[in-house]
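**Student:** If it helps, the file is called start-v1.cif and holds mmCIF, C-alpha atoms:
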```
data_entry
#
loop_
_atom_site.label_atom_id
_atom_site.label_comp_id
_atom_site.auth_asym_id
_atom_site.auth_seq_id
_atom_site.Cartn_x
_atom_site.Cartn_y
_atom_site.Cartn_z
CA MET Y 1 109.80 -59.05 -22.95
CA ALA Y 2 108.21 -55.74 -23.04
CA ASN Y 3 105.84 -54.74 -20.26
CA LEU Y 4 102.43 -53.99 -21.61
CA ALA Y 5 100.36 -51.22 -20.01
CA PRO Y 6 97.39 -52.73 -18.28
CA SER Y 7 94.12 -52.19 -20.13
CA PHE Y 8 90.66 -51.57 -18.44
CA VAL Y 9 88.76 -54.76 -18.42
CA SER Y 10 85.17 -54.70 -17.11
CA SER Y 11 84.28 -57.34 -14.72
CA PRO Y 12 80.84 -58.97 -14.61
CA SER Y 13 79.92 -56.83 -11.61
CA ASP Y 14 80.95 -53.68 -13.41
CA SER Y 15 78.73 -54.66 -16.33
CA CYS Y 16 75.74 -55.10 -14.04
CA ARG Y 17 76.36 -51.77 -12.39
CA GLY Y 18 76.58 -50.05 -15.81
CA SER Y 19 73.40 -51.67 -16.93
CA LEU Y 20 71.64 -50.60 -13.72
CA ARG Y 21 72.97 -47.06 -14.11
CA THR Y 22 71.68 -46.96 -17.67
CA SER Y 23 68.26 -48.17 -16.53
CA ARG Y 24 68.15 -45.54 -13.81
CA ILE Y 25 69.07 -42.80 -16.26
CA SER Y 26 66.37 -44.00 -18.67
CA ALA Y 27 63.85 -44.08 -15.85
CA ILE Y 28 64.81 -40.58 -14.75
CA LYS Y 29 64.51 -39.31 -18.33
CA LEU Y 30 61.09 -40.98 -18.62
CA LYS Y 31 59.95 -39.38 -15.38
CA VAL Y 32 61.25 -36.01 -16.56
CA ARG Y 33 59.29 -36.38 -19.82
CA GLU Y 34 56.18 -37.44 -17.90
CA THR Y 35 56.63 -34.52 -15.52
CA GLU Y 36 57.06 -32.10 -18.41
CA GLN Y 37 54.01 -33.55 -20.12
CA THR Y 38 52.09 -33.23 -16.87
CA HIS Y 39 53.15 -29.62 -16.58
CA LEU Y 40 52.11 -29.06 -20.15
CA ASN Y 41 48.75 -30.68 -19.49
CA LEU Y 42 48.36 -28.74 -16.27
CA GLY Y 43 49.32 -25.55 -18.05
CA SER Y 44 46.82 -26.27 -20.79
CA SER Y 45 44.18 -27.12 -18.23
CA SER Y 46 45.02 -24.02 -16.25
CA ARG Y 47 44.78 -21.91 -19.39
CA LYS Y 48 41.44 -23.52 -20.18
CA LYS Y 49 40.19 -22.86 -16.67
CA GLN Y 50 41.51 -19.34 -16.83
CA GLY Y 51 39.79 -18.92 -20.17
CA LEU Y 52 36.58 -20.27 -18.67
CA ARG Y 53 36.92 -17.87 -15.78
CA MET Y 54 37.54 -15.01 -18.18
CA ASN Y 55 34.51 -16.03 -20.22
CA ALA Y 56 32.49 -16.42 -17.08
CA SER Y 57 33.55 -12.99 -15.90
CA LYS Y 58 32.39 -11.60 -19.23
CA GLU Y 59 29.09 -13.43 -19.20
CA THR Y 60 28.02 -13.21 -15.55
CA PRO Y 61 27.50 -9.52 -14.67
CA GLU Y 62 23.74 -9.83 -15.25
CA LEU Y 63 23.67 -13.12 -13.37
CA MET Y 64 25.60 -11.62 -10.48
CA GLN Y 65 23.35 -8.60 -10.60
CA GLY Y 66 20.38 -10.93 -10.43
CA ILE Y 67 21.91 -12.69 -7.44
CA ARG Y 68 22.46 -9.36 -5.74
CA LYS Y 69 18.85 -8.41 -6.47
CA ASP Y 70 17.71 -11.71 -4.99
CA GLU Y 71 19.83 -11.04 -1.93
CA CYS Y 72 18.31 -7.57 -1.60
CA LYS Y 73 14.86 -9.00 -2.17
CA THR Y 74 15.46 -11.54 0.56
CA ALA Y 75 16.56 -8.73 2.87
CA GLU Y 76 13.46 -6.74 1.98
CA GLN Y 77 11.28 -9.77 2.61
CA THR Y 78 12.93 -10.21 5.98
CA GLU Y 79 12.29 -6.59 6.85
CA GLY Y 80 8.72 -6.91 5.55
CA TYR Y 81 8.21 -9.98 7.70
CA ASP Y 82 9.31 -8.02 10.76
CA SER Y 83 6.96 -5.15 9.86
CA PHE Y 84 3.99 -7.40 9.22
CA SER Y 85 4.53 -9.95 11.98
CA GLU Y 86 2.14 -8.19 14.37
CA MET Y 87 -0.43 -7.73 11.60
CA LYS Y 88 -0.16 -11.44 10.84
CA GLN Y 89 -0.91 -12.28 14.46
CA ARG Y 90 -3.91 -9.95 14.43
CA PHE Y 91 -5.23 -11.65 11.31
CA LEU Y 92 -4.77 -15.11 12.81
CA THR Y 93 -6.54 -13.95 15.98
CA PHE Y 94 -9.41 -12.60 13.86
CA LYS Y 95 -9.62 -15.88 11.98
CA GLU Y 96 -9.60 -18.01 15.11
CA LYS Y 97 -11.91 -15.96 17.31
CA LYS Y 98 -14.25 -14.25 14.84
CA TYR Y 99 -14.20 -15.95 11.46
CA LEU Y 100 -14.15 -19.57 12.60
CA GLY Y 101 -16.39 -18.70 15.53
CA ASN Y 102 -19.02 -17.29 13.14
CA LEU Y 103 -18.34 -19.46 10.12
CA GLU Y 104 -21.92 -19.63 8.86
CA PHE Y 105 -22.23 -15.83 8.98
CA TYR Y 106 -19.07 -15.34 6.94
CA ARG Y 107 -20.11 -18.01 4.45
CA ARG Y 108 -23.38 -16.16 3.86
CA LEU Y 109 -21.46 -12.89 3.59
CA ALA Y 110 -19.19 -14.42 0.95
CA LYS Y 111 -22.21 -14.96 -1.30
CA SER Y 112 -23.65 -11.44 -1.12
CA GLN Y 113 -23.66 -8.17 0.79
CA ALA Y 114 -26.56 -5.98 1.89
CA PRO Y 115 -25.10 -3.16 4.01
CA GLU Y 116 -27.48 -0.69 5.61
CA PHE Y 117 -24.91 2.11 5.65
CA MET Y 118 -22.54 3.81 3.30
CA VAL Y 119 -19.80 5.74 5.10
CA ILE Y 120 -17.68 8.43 3.45
CA ALA Y 121 -14.76 9.18 5.74
CA CYS Y 122 -11.29 10.69 5.61
CA ALA Y 123 -8.23 8.63 4.69
CA ASP Y 124 -6.51 9.85 7.87
CA SER Y 125 -5.02 6.86 9.73
CA ARG Y 126 -6.43 8.09 13.05
CA VAL Y 127 -10.10 7.99 12.10
CA CYS Y 128 -10.93 4.44 10.95
CA PRO Y 129 -14.77 4.26 10.99
CA SER Y 130 -14.82 0.51 11.61
CA VAL Y 131 -12.89 0.99 14.85
CA ILE Y 132 -14.58 4.21 16.00
CA LEU Y 133 -18.16 3.20 15.19
CA GLY Y 134 -17.76 -0.53 15.75
CA LEU Y 135 -18.79 -1.47 12.23
CA GLU Y 136 -18.59 -5.19 11.49
CA PRO Y 137 -18.00 -6.81 8.07
CA GLY Y 138 -21.07 -6.46 5.89
CA GLU Y 139 -22.56 -3.51 7.80
CA ALA Y 140 -21.14 -0.57 5.85
CA PHE Y 141 -20.01 0.07 2.30
CA MET Y 142 -17.08 2.40 2.84
CA VAL Y 143 -15.22 5.09 0.91
CA ARG Y 144 -12.27 6.98 2.31
CA ASN Y 145 -10.63 9.94 0.62
CA VAL Y 146 -8.67 13.03 1.59
CA ALA Y 147 -10.91 15.28 3.74
CA ASN Y 148 -14.02 13.04 3.28
CA LEU Y 149 -15.28 15.14 0.37
CA VAL Y 150 -18.16 14.44 -2.03
CA PRO Y 151 -17.76 16.17 -5.41
CA PRO Y 152 -20.93 17.50 -7.09
CA PHE Y 153 -22.56 15.52 -9.89
CA GLU Y 154 -21.36 17.93 -12.59
CA SER Y 155 -17.72 17.37 -11.67
CA GLY Y 156 -17.77 14.14 -13.64
CA PRO Y 157 -16.57 10.62 -12.82
CA SER Y 158 -14.46 9.97 -9.75
CA GLU Y 159 -13.78 7.05 -7.44
CA THR Y 160 -16.14 8.53 -4.83
CA ASN Y 161 -19.18 8.98 -7.04
CA ALA Y 162 -18.59 5.60 -8.68
CA ALA Y 163 -18.90 4.11 -5.19
CA LEU Y 164 -22.01 6.21 -4.56
CA GLU Y 165 -23.64 4.87 -7.70
CA PHE Y 166 -22.97 1.28 -6.71
CA ALA Y 167 -24.01 1.73 -3.08
CA VAL Y 168 -27.30 3.48 -3.87
CA ASN Y 169 -28.38 1.81 -7.11
CA SER Y 170 -27.07 -1.73 -6.58
CA LEU Y 171 -26.71 -2.26 -2.84
CA LYS Y 172 -29.73 -0.11 -1.94
CA VAL Y 173 -28.16 1.32 1.21
CA LYS Y 174 -30.58 3.09 3.57
CA ASN Y 175 -28.17 5.64 5.02
CA ILE Y 176 -25.20 7.66 3.80
CA LEU Y 177 -22.98 9.08 6.54
CA VAL Y 178 -20.36 11.70 5.66
CA SER Y 179 -17.97 11.84 8.60
CA GLY Y 180 -15.45 14.62 9.20
CA HIS Y 181 -12.91 14.86 12.00
CA SER Y 182 -10.72 17.19 14.02
CA CYS Y 183 -7.23 18.25 12.94
CA CYS Y 184 -7.91 17.33 9.30
CA GLY Y 185 -4.85 17.90 7.12
CA GLY Y 186 -6.94 18.02 3.94
CA ILE Y 187 -9.13 20.82 5.29
CA ARG Y 188 -6.05 22.66 6.50
CA ALA Y 189 -4.62 22.43 2.99
CA LEU Y 190 -7.91 23.78 1.60
CA MET Y 191 -7.93 26.72 4.03
CA SER Y 192 -4.25 27.48 3.28
CA MET Y 193 -4.73 27.76 -0.48
CA GLU Y 194 -4.10 31.17 -1.98
CA ASN Y 195 -5.65 30.27 -5.31
CA ALA Y 196 -9.26 29.12 -4.91
CA ASP Y 197 -9.21 27.64 -8.43
CA GLY Y 198 -6.75 24.87 -7.59
CA ASP Y 199 -3.14 24.14 -8.41
CA ASN Y 200 -2.22 21.92 -11.35
CA SER Y 201 1.08 21.01 -9.72
CA SER Y 202 -0.58 19.31 -6.73
CA PHE Y 203 -2.99 16.36 -6.73
CA ILE Y 204 -4.00 17.21 -3.17
CA LYS Y 205 -4.89 20.81 -3.93
CA ASN Y 206 -6.76 19.80 -7.07
CA TRP Y 207 -8.82 17.40 -4.97
CA VAL Y 208 -9.56 19.50 -1.88
CA ILE Y 209 -10.75 22.36 -4.08
CA VAL Y 210 -13.98 20.32 -4.18
CA GLY Y 211 -14.61 21.94 -0.80
CA LYS Y 212 -14.11 25.52 -2.02
CA ASN Y 213 -17.69 26.53 -1.11
CA ALA Y 214 -17.08 25.39 2.47
CA ARG Y 215 -13.86 27.40 2.47
CA LEU Y 216 -15.63 30.49 1.14
CA SER Y 217 -18.49 30.33 3.67
CA THR Y 218 -15.98 29.75 6.49
CA LYS Y 219 -13.95 32.80 5.45
CA GLU Y 220 -17.17 34.86 5.50
CA ALA Y 221 -18.58 33.54 8.76
CA ALA Y 222 -15.42 33.02 10.81
CA SER Y 223 -12.96 35.63 9.56
CA HIS Y 224 -12.60 37.00 13.11
CA LEU Y 225 -11.39 33.63 14.43
CA SER Y 226 -7.87 32.26 14.48
CA PHE Y 227 -6.71 30.08 11.60
CA ASP Y 228 -6.99 26.92 13.71
CA GLN Y 229 -10.55 27.85 14.68
CA GLN Y 230 -11.40 28.56 11.04
CA CYS Y 231 -10.12 25.10 10.11
CA ARG Y 232 -12.32 23.52 12.78
CA HIS Y 233 -15.31 25.45 11.47
CA CYS Y 234 -14.54 24.34 7.92
CA GLU Y 235 -14.20 20.70 9.00
CA LYS Y 236 -17.91 20.70 9.90
CA GLU Y 237 -19.00 23.03 7.11
CA SER Y 238 -17.38 20.79 4.48
CA VAL Y 239 -19.53 17.89 5.72
CA ASN Y 240 -22.69 19.95 5.15
CA ARG Y 241 -21.48 20.97 1.69
CA SER Y 242 -20.88 17.33 0.86
CA LEU Y 243 -24.45 16.52 1.96
CA LEU Y 244 -25.72 19.22 -0.40
CA ASN Y 245 -23.50 17.83 -3.17
CA LEU Y 246 -25.12 14.41 -2.66
CA LEU Y 247 -28.44 15.95 -3.66
CA THR Y 248 -26.99 16.96 -7.04
CA TYR Y 249 -27.05 13.28 -8.05
CA PRO Y 250 -30.54 12.68 -9.51
CA TRP Y 251 -30.78 9.06 -8.37
CA ILE Y 252 -29.73 10.01 -4.82
CA GLU Y 253 -32.22 12.86 -4.56
CA GLU Y 254 -34.95 10.59 -5.90
CA GLN Y 255 -34.33 7.98 -3.20
CA VAL Y 256 -34.18 10.67 -0.50
CA MET Y 257 -37.42 12.22 -1.72
CA ARG Y 258 -39.12 8.80 -1.63
CA GLY Y 259 -37.93 8.19 1.90
CA ASN Y 260 -35.76 5.23 0.93
CA LEU Y 261 -32.49 6.97 1.74
CA SER Y 262 -31.34 9.30 4.52
CA LEU Y 263 -28.27 11.55 4.45
CA HIS Y 264 -26.30 12.14 7.63
CA GLY Y 265 -23.36 14.20 8.77
CA GLY Y 266 -20.88 13.27 11.48
CA TYR Y 267 -17.87 14.80 13.19
CA TYR Y 268 -15.33 12.85 15.21
CA ASP Y 269 -13.11 14.81 17.60
CA PHE Y 270 -10.26 12.47 18.44
CA VAL Y 271 -8.69 14.95 20.87
CA ASP Y 272 -11.42 14.35 23.47
CA CYS Y 273 -13.08 11.35 21.77
CA THR Y 274 -16.54 12.72 21.03
CA PHE Y 275 -18.82 12.21 18.05
CA GLU Y 276 -21.46 14.61 16.76
CA LYS Y 277 -24.15 13.34 14.41
CA TRP Y 278 -26.95 15.07 12.47
CA THR Y 279 -29.38 14.31 9.62
CA LEU Y 280 -30.15 16.41 6.55
CA ASP Y 281 -33.76 17.64 6.55
CA TYR Y 282 -34.52 17.27 2.87
CA TYR Y 283 -37.87 19.09 2.65
CA LYS Y 284 -36.78 22.09 4.72
CA THR Y 285 -33.60 22.30 2.70
CA ILE Y 286 -35.33 22.41 -0.69
CA SER Y 287 -38.13 24.67 0.55
CA ARG Y 288 -35.60 27.41 1.17
CA GLY Y 289 -34.87 27.55 -2.52
CA ASN Y 290 -31.20 28.16 -1.78
CA LYS Y 291 -28.80 25.39 -2.70
CA ASP Y 292 -26.15 26.85 -0.40
CA MET Y 293 -28.21 26.40 2.76
CA ILE Y 294 -28.81 23.14 4.56
CA ALA Y 295 -31.44 22.30 7.17
CA VAL Y 296 -30.65 19.57 9.67
CA LYS Y 297 -32.56 17.56 12.25
CA GLY Y 298 -31.89 14.96 14.92
CA ARG Y 299 -28.60 16.51 16.01
CA SER Y 300 -27.00 14.46 18.79
CA PHE Y 301 -23.72 14.53 20.68
CA TRP Y 302 -22.01 11.31 21.78
CA SER Y 303 -19.49 11.60 24.56
#
```
Now, as a test, write the supplied structure out as structure tokens.

**Tutor:**
Amino acid sequence: MANLAPSFVSSPSDSCRGSLRTSRISAIKLKVRETEQTHLNLGSSSRKKQGLRMNASKETPELMQGIRKDECKTAEQTEGYDSFSEMKQRFLTFKEKKYLGNLEFYRRLAKSQAPEFMVIACADSRVCPSVILGLEPGEAFMVRNVANLVPPFESGPSETNAALEFAVNSLKVKNILVSGHSCCGGIRALMSMENADGDNSSFIKNWVIVGKNARLSTKEAASHLSFDQQCRHCEKESVNRSLLNLLTYPWIEEQVMRGNLSLHGGYYDFVDCTFEKWTLDYYKTISRGNKDMIAVKGRSFWS
């Protein structure tokens, strides 16, 4: 009897193990496919997000610029707050101690004003008339310009003579005070000018040339003095020239002639804190028949 080579016969346990192996392989393949699909989805999502970021980067420069502007604005506001914090406290102190303490007065003032004075003073930060002269709200209609100048009537419209028209014709002020001061930069600019006809390249020079007659008379009367002394002379002389210029306005001269309006000059020396005050003598001024000469009365010196 021939010996037959043994053949491989799978036992029941081998069959189970093969089936389990097949299941595991299928599961692994499924997980691989799911993983690949996930990577594909993630890649697609990533590309979409990248595309969105690219689009956003293309579309947001103005937005980012706006954000940066807002950030700068916030910084500026913070700096502004620091700069104005003391002013805020001063306002709140005024409101608490003066406004609320005199509420009826301020309510009446809100309805109308009837100031007795008009003050024309320099824009210099050191010479605030309200502080120096103790003027309260409602007491003075005020104009401040470089070198406290009054242009003549024929010069045409300006902010200063517009205020004059309102103060005299509408508010019916009783007194106009033109107040000069020591160490005036506007007068110094006037005295330093080489061309007495002005300079089209400078707003300041084109304005202070209004005082050219004061400059001319100072050069004639005080040529022997130092430049600083000439400037001091011109600071007072320009006030007198402004008083004469006030008389070139027909409606001002009419009120002065009728005795309804008085014109005054003033000079504040903030070096030693003194104030000089005088009044234009209208009838003596016009009786001279010389528009370049002014007569004054009631000169007083406050120290």

**Student:** Using only C-alpha atoms, pick whichever of Y:Ser242, Y:Asn175, Y:Ser202, Y:Gln229 has the shortest atom-to-atom distance to Leu261 (chain Y).

**Tutor:**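 Using only C-alpha atoms, Leu261 (chain Y) sits closest to Y:Asn175.
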
**Student:** I would like the residues chosen by the PyMOL selection byres ((chain Y and resi 299) around 8) on the shown file; could you give them as a list in words?

**Tutor:**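 On the file shown, the PyMOL selection byres ((chain Y and resi 299) around 8) covers Glu276, Lys277, Trp278, Thr279, Val296, Lys297, Gly298, Ser300 and Phe301 of chain Y.
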
**Student:** Decode the PyMOL selection byres ((chain Y and resi 103-112) around 12) for the given file into explicit residues and return them as a ChimeraX atom specification.

**Tutor:** /Y:94-102,113-115,136-139,170-171

**Student:** Got a sec: who's within 12 Å of Lys212 (chain Y), counting only C-alpha atoms, leaving out chain neighbours fewer than 4 positions off, as an mmCIF file with C-alpha atoms, in the coordinates of the input?

**Tutor:**
```
data_model
loop_
_atom_site.group_PDB
_atom_site.id
_atom_site.type_symbol
_atom_site.label_atom_id
_atom_site.label_comp_id
_atom_site.auth_asym_id
_atom_site.auth_seq_id
_atom_site.Cartn_x
_atom_site.Cartn_y
_atom_site.Cartn_z
ATOM 1 C CA LEU Y 149 -15.280 15.140 0.370
ATOM 2 C CA VAL Y 150 -18.160 14.440 -2.030
ATOM 3 C CA PRO Y 151 -17.760 16.170 -5.410
ATOM 4 C CA PRO Y 152 -20.930 17.500 -7.090
ATOM 5 C CA GLY Y 186 -6.940 18.020 3.940
ATOM 6 C CA ILE Y 187 -9.130 20.820 5.290
ATOM 7 C CA ALA Y 189 -4.620 22.430 2.990
ATOM 8 C CA LEU Y 190 -7.910 23.780 1.600
ATOM 9 C CA MET Y 191 -7.930 26.720 4.030
ATOM 10 C CA SER Y 192 -4.250 27.480 3.280
ATOM 11 C CA MET Y 193 -4.730 27.760 -0.480
ATOM 12 C CA GLU Y 194 -4.100 31.170 -1.980
ATOM 13 C CA ASN Y 195 -5.650 30.270 -5.310
ATOM 14 C CA ALA Y 196 -9.260 29.120 -4.910
ATOM 15 C CA ASP Y 197 -9.210 27.640 -8.430
ATOM 16 C CA GLY Y 198 -6.750 24.870 -7.590
ATOM 17 C CA LYS Y 205 -4.890 20.810 -3.930
ATOM 18 C CA ASN Y 206 -6.760 19.800 -7.070
ATOM 19 C CA TRP Y 207 -8.820 17.400 -4.970
ATOM 20 C CA VAL Y 208 -9.560 19.500 -1.880
ATOM 21 C CA LEU Y 216 -15.630 30.490 1.140
ATOM 22 C CA SER Y 217 -18.490 30.330 3.670
ATOM 23 C CA THR Y 218 -15.980 29.750 6.490
ATOM 24 C CA LYS Y 219 -13.950 32.800 5.450
ATOM 25 C CA CYS Y 234 -14.540 24.340 7.920
ATOM 26 C CA GLU Y 237 -19.000 23.030 7.110
ATOM 27 C CA SER Y 238 -17.380 20.790 4.480
ATOM 28 C CA ARG Y 241 -21.480 20.970 1.690
ATOM 29 C CA SER Y 242 -20.880 17.330 0.860
#
```

**Student:** Between CA of Thr248 (chain Y) and CA of Ser179 (chain Y), measure the distance and give it in Å to one decimal.

**Tutor:**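 Result for CA of Thr248 (chain Y) versus CA of Ser179 (chain Y): 18.8 Å, one decimal.
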
**Student:** How many Å separate CA of Met87 (chain Y) from CA of Ile132 (chain Y)?

**Tutor:**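 Rounded to one decimal, the two atoms are 19.0 Å apart.
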
**Student:** Residues around (-22.5, 4.0, -2.8), cut-off 12 Å, counting all atoms listed in the file - what are they as a count of residues only?

**Tutor:** 39

**Student:** If the PyMOL selection byres ((chain Y and resi 267) around 10) is run on the structure shown, which residues does it catch, given as a list in words?

**Tutor:** Ala121, Val178, Ser179, Gly180, His181, Ser182, Glu235, Lys236, Val239, Gly265, Gly266, Tyr268, Asp269, Phe270, Thr274, Phe275, Glu276, Lys277, Trp278 and Phe301 of chain Y

**Student:** As an exercise, work out the distance from CA of Asp272 (chain Y) to CA of Trp302 (chain Y) in Å and give it to one decimal place.

**Tutor:**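 Distance reported for this atom pair: 11.1 Å.
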
**Student:** Write out as a compact mmCIF listing (two decimals) with C-alpha atoms, in the coordinates of the input each polymer residue whose atoms come within 12 Å of Tyr283 (chain Y), counting all atoms listed in the file; drop sequence neighbours fewer than 4 positions from it.

**Tutor:**
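Generated output (part.txt):
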```
# COMPACT_ATOMS: atom_id res chain seq x y z
CA LEU Y 247 -28.44 15.95 -3.66
CA GLU Y 253 -32.22 12.86 -4.56
CA VAL Y 256 -34.18 10.67 -0.50
CA MET Y 257 -37.42 12.22 -1.72
CA ARG Y 258 -39.12 8.80 -1.63
CA GLY Y 259 -37.93 8.19 1.90
CA SER Y 262 -31.34 9.30 4.52
CA THR Y 279 -29.38 14.31 9.62
CA SER Y 287 -38.13 24.67 0.55
CA ARG Y 288 -35.60 27.41 1.17
CA GLY Y 289 -34.87 27.55 -2.52
CA ILE Y 294 -28.81 23.14 4.56
CA ALA Y 295 -31.44 22.30 7.17
CA VAL Y 296 -30.65 19.57 9.67
CA LYS Y 297 -32.56 17.56 12.25
```

**Student:** Taking all atoms listed in the file into account, name the residue in Y:Asn245, Y:Asp281, Y:Ala222, Y:Ser303 that is nearest to Phe153 (chain Y).

**Tutor:** Y:Asn245

**Student:** Will you model N, CA, C and O atoms for region 252-266 of chain Y and pass it back as a short mmCIF file (atom, residue, chain, number, x, y, z; two decimals), keeping the file's coordinate frame?

**Tutor:**
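Now in selection04.cif:
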```cif
data_model
loop_
_atom_site.label_atom_id
_atom_site.label_comp_id
_atom_site.auth_asym_id
_atom_site.auth_seq_id
_atom_site.Cartn_x
_atom_site.Cartn_y
_atom_site.Cartn_z
N ILE Y 252 -29.79 9.88 -6.29
CA ILE Y 252 -29.73 10.01 -4.82
C ILE Y 252 -30.89 10.85 -4.33
O ILE Y 252 -31.60 10.48 -3.38
N GLU Y 253 -31.11 11.99 -4.98
CA GLU Y 253 -32.22 12.86 -4.56
C GLU Y 253 -33.56 12.14 -4.68
O GLU Y 253 -34.45 12.29 -3.84
N GLU Y 254 -33.70 11.33 -5.72
CA GLU Y 254 -34.95 10.59 -5.90
C GLU Y 254 -35.20 9.64 -4.73
O GLU Y 254 -36.32 9.55 -4.21
N GLN Y 255 -34.18 8.92 -4.31
CA GLN Y 255 -34.33 7.98 -3.20
C GLN Y 255 -34.56 8.69 -1.87
O GLN Y 255 -35.33 8.22 -1.02
N VAL Y 256 -33.95 9.88 -1.71
CA VAL Y 256 -34.18 10.67 -0.50
C VAL Y 256 -35.61 11.19 -0.47
O VAL Y 256 -36.30 11.12 0.55
N MET Y 257 -36.06 11.67 -1.60
CA MET Y 257 -37.42 12.22 -1.72
C MET Y 257 -38.46 11.13 -1.44
O MET Y 257 -39.49 11.38 -0.83
N ARG Y 258 -38.20 9.91 -1.86
CA ARG Y 258 -39.12 8.80 -1.63
C ARG Y 258 -39.05 8.23 -0.22
O ARG Y 258 -39.86 7.39 0.16
N GLY Y 259 -38.08 8.69 0.54
CA GLY Y 259 -37.93 8.19 1.90
C GLY Y 259 -37.16 6.89 2.01
O GLY Y 259 -37.14 6.26 3.08
N ASN Y 260 -36.53 6.48 0.91
CA ASN Y 260 -35.76 5.23 0.93
C ASN Y 260 -34.31 5.42 1.37
O ASN Y 260 -33.60 4.44 1.63
N LEU Y 261 -33.89 6.68 1.44
CA LEU Y 261 -32.49 6.97 1.74
C LEU Y 261 -32.39 8.21 2.61
O LEU Y 261 -33.08 9.21 2.36
N SER Y 262 -31.57 8.15 3.64
CA SER Y 262 -31.34 9.30 4.52
C SER Y 262 -29.87 9.70 4.45
O SER Y 262 -28.98 8.84 4.36
N LEU Y 263 -29.63 11.01 4.52
CA LEU Y 263 -28.27 11.55 4.45
C LEU Y 263 -27.88 12.13 5.81
O LEU Y 263 -28.63 12.92 6.39
N HIS Y 264 -26.73 11.75 6.29
CA HIS Y 264 -26.30 12.14 7.63
C HIS Y 264 -24.91 12.74 7.61
O HIS Y 264 -24.06 12.37 6.80
N GLY Y 265 -24.68 13.64 8.56
CA GLY Y 265 -23.36 14.20 8.77
C GLY Y 265 -22.82 13.75 10.11
O GLY Y 265 -23.59 13.49 11.05
N GLY Y 266 -21.51 13.65 10.22
CA GLY Y 266 -20.88 13.27 11.48
C GLY Y 266 -19.56 13.98 11.65
O GLY Y 266 -18.93 14.42 10.68
#
```
